[in-house]
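Before any comments, here is the structure.
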Amino acid sequence: MTEQPGWLPQAHVPVLRLDDVLLVAIQGDLRDENAERLQYDVLQHIADSPATGVVIDISSVEVVDSFLGRVLAEIAAGAELLAARTVVAGMRPTVAITLVELGLTLTGLRTALDVQSALRMLREHPAPAAREHGERGAYDYDRS
Amino acid sequence: MTTTGPDTHRGSPTCLPIRSDMDLMWIRQEVRRLATEVQFSLVQQTKLVTAASELARNTLVHGGGGHMEATVLHDGVHTAVRLVFADCGPGIADVDQAMSDGYTSGGGLGLGLGGARRLVHEFRLESQPGRGTTITVLMWHGGVPPTRQAL
């Protein structure tokens, strides 16, 4: 493949695993095809591993249109079916303003201001599977 | 008086094809560049690029592809960016229905047209069944000036 200008996205978005949590950092503009592939990749990772949480960092995403918004919501919904909880972290204020005006308020999608708060949220409110299976000791299971 | 008179200065338009999801990225990039060039605020930039992305995807998915023409307009005092999305697809039979939130013919969320209209200052849709659709949007720097209708 020829070298691309810096603003073009990488071929696909890597999914990292930290203990029970999958971490996905979307960098810059995402091609539709890669957004759909990310959806599959995340769910496949959950199925392959005992991940109970997913954090999607969108702090470097300048534009979330209804397509990407839908993909984020569908990743969260799919993860939920696989007993994992998703938190979208770091949305820019300009993106939030635009999504509201667009009519895409993404109710039901958990959000956090940054990755650290997202990880804290997952620790404090783990998915049901994480509470049931005591072997995943990284979490505090006392949910108030 | 409108801003469409002969004294309205128009920058030379740029024309980009809309044939694939890769082209949608080029459209977002070009609209972002123009919005930055005319010094739109960060919120305005984001709104315009998002609207462009919605409309370009409409052109691609519903219109079977087409092109976007972007022009910077100056009337001496105010600056605007005008984007025209054109396709030769099947057209829209019921424009009111297509504009309403929640209506979708393509499996999306049905927010594309209505949502894009809310993000810009001026919005015009022309469509004839069987002969394609042209959507023109305009965003003014800093807000809508008193003399409107520069479409």
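Labeling convention for the structure tokens: chains A, B, ... as they appear, residues from 1 per chain, ligands from 1 in order of appearance.
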
Would you list the contacts of B:Arg124 as number ranges by chain, taking every protein, DNA or RNA residue within 10 Å and counting only C-alpha atoms, but skipping same-chain residues closer than 5 positions in sequence? B: 84, 117, 134-138, 151

Would you list which chain B residues are within 9 Å of chain A using only C-alpha atoms, as a PyMOL selection string? chain B and resi 21-22+24-25+28-29+42-47+49-51+53-54+57+101+108-112+114-119

Take the residues that were just selected and, keeping C-alpha atoms, output them as a PDB file, in the first residue's frame.
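So the final result, stored in result_9.pdb, reads:
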ATOM      1  CA  ASP B  21     -17.243   5.685   1.632  1.00  0.00           C
ATOM      2  CA  MET B  22     -13.682   6.845   0.945  1.00  0.00           C
ATOM      3  CA  LEU B  24     -17.181  10.693   2.154  1.00  0.00           C
ATOM      4  CA  MET B  25     -13.890  11.142   3.992  1.00  0.00           C
ATOM      5  CA  ARG B  28     -15.478  15.846   5.270  1.00  0.00           C
ATOM      6  CA  GLN B  29     -11.836  16.829   4.870  1.00  0.00           C
ATOM      7  CA  LEU B  42     -15.254  25.168  16.150  1.00  0.00           C
ATOM      8  CA  VAL B  43     -18.972  24.497  16.722  1.00  0.00           C
ATOM      9  CA  GLN B  44     -19.880  25.825  13.269  1.00  0.00           C
ATOM     10  CA  GLN B  45     -17.116  23.798  11.652  1.00  0.00           C
ATOM     11  CA  THR B  46     -18.318  20.627  13.352  1.00  0.00           C
ATOM     12  CA  LYS B  47     -21.960  21.275  12.415  1.00  0.00           C
ATOM     13  CA  VAL B  49     -18.849  18.935   8.401  1.00  0.00           C
ATOM     14  CA  THR B  50     -21.460  16.719  10.081  1.00  0.00           C
ATOM     15  CA  ALA B  51     -24.225  18.048   7.800  1.00  0.00           C
ATOM     16  CA  SER B  53     -21.301  13.918   5.896  1.00  0.00           C
ATOM     17  CA  GLU B  54     -25.045  13.206   6.277  1.00  0.00           C
ATOM     18  CA  ARG B  57     -24.031   9.702   2.498  1.00  0.00           C
ATOM     19  CA  ASP B 101     -37.210  12.581  11.594  1.00  0.00           C
ATOM     20  CA  GLY B 108     -30.519   4.153   8.643  1.00  0.00           C
ATOM     21  CA  LEU B 109     -31.833   6.123  11.584  1.00  0.00           C
ATOM     22  CA  GLY B 110     -33.804   8.469   9.370  1.00  0.00           C
ATOM     23  CA  LEU B 111     -32.057  11.543  10.754  1.00  0.00           C
ATOM     24  CA  GLY B 112     -29.983  12.456   7.703  1.00  0.00           C
ATOM     25  CA  GLY B 114     -34.006  16.560   8.839  1.00  0.00           C
ATOM     26  CA  GLY B 115     -30.901  16.516  11.010  1.00  0.00           C
ATOM     27  CA  ALA B 116     -28.729  18.128   8.347  1.00  0.00           C
ATOM     28  CA  ARG B 117     -31.318  20.884   7.877  1.00  0.00           C
ATOM     29  CA  ARG B 118     -31.132  21.745  11.575  1.00  0.00           C
ATOM     30  CA  LEU B 119     -27.339  21.984  11.451  1.00  0.00           C
TER      31      LEU B 119
END

Would you list, as a ChimeraX atom specification, the residues of chain A that end up in alpha helix (DSSP H) under DSSP run on this structure's backbone? /A:32-48,66-81,93-102,115-124,128-132

Distance in Å - atom CA of A:Val13 versus atom CA of B:Ser41: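 Spanning atom CA of A:Val13 to atom CA of B:Ser41 is a straight-line distance of 29.3 Å.
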
Env of A:Glu80: 12 Å cut, atoms = only C-alpha atoms, seq-sep filter 6 positions within chain, self excluded. Answer as an MDAnalysis selection string. chainID A and resid 42:43 46:47 51:54 73:74 86:87 108:110 126:129

Now that the selection is made, can you save its residues with C-alpha atoms as a compact mmCIF listing (two decimals), in the first residue's frame?
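Resulting contents of selection-v6.txt:
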# COMPACT_ATOMS: atom_id res chain seq x y z
CA VAL A 42 -15.14 -5.70 19.41
CA LEU A 43 -17.91 -8.30 19.66
CA ILE A 46 -15.72 -10.20 23.83
CA ALA A 47 -16.79 -13.64 22.65
CA ALA A 51 -14.11 -9.29 28.76
CA THR A 52 -16.89 -7.70 30.78
CA GLY A 53 -16.32 -4.10 29.80
CA VAL A 54 -15.57 -2.04 26.69
CA ALA A 73 -24.84 2.49 19.86
CA GLU A 74 -24.89 -0.89 18.13
CA THR A 86 -19.72 -0.32 27.10
CA VAL A 87 -18.66 3.21 27.99
CA GLY A 108 -28.86 4.37 26.69
CA LEU A 109 -25.25 4.86 25.69
CA ARG A 110 -23.03 5.17 28.75
CA PRO A 126 -19.58 -4.10 36.40
CA ALA A 127 -21.72 -6.06 33.98
CA PRO A 128 -23.86 -8.76 35.63
CA ALA A 129 -21.50 -11.49 34.41

Apply DSSP to the structure's backbone, then extract all residues of chain A labelled strand (DSSP E) and return them as a VMD selection string. chain A and resid 15 to 18 21 to 27 53 to 60 85 to 89 110 to 112

Can you tell me how far atom CA of B:Gln128 sits from atom CA of B:Ile92, in Å to one decimal? 6.5 Å

Excluding A:Gly90 and its own-chain neighbours fewer than 4 positions away, which residues fall within 12 Å of it when counting only C-alpha atoms? Please give them as a PyMOL selection string. chain A and resi 24-26+55-62+94-96+110-118

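Minimum atom-to-atom distances from B:Gly65, B:Gly76, B:Gly91, B:Pro13 to B:Thr133 were compared using only C-alpha atoms, and the lowest value belongs to B:Gly91.
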
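Across the model, the gap from atom CA of B:Val72 to atom CA of B:Gly11 is 5.2 Å.
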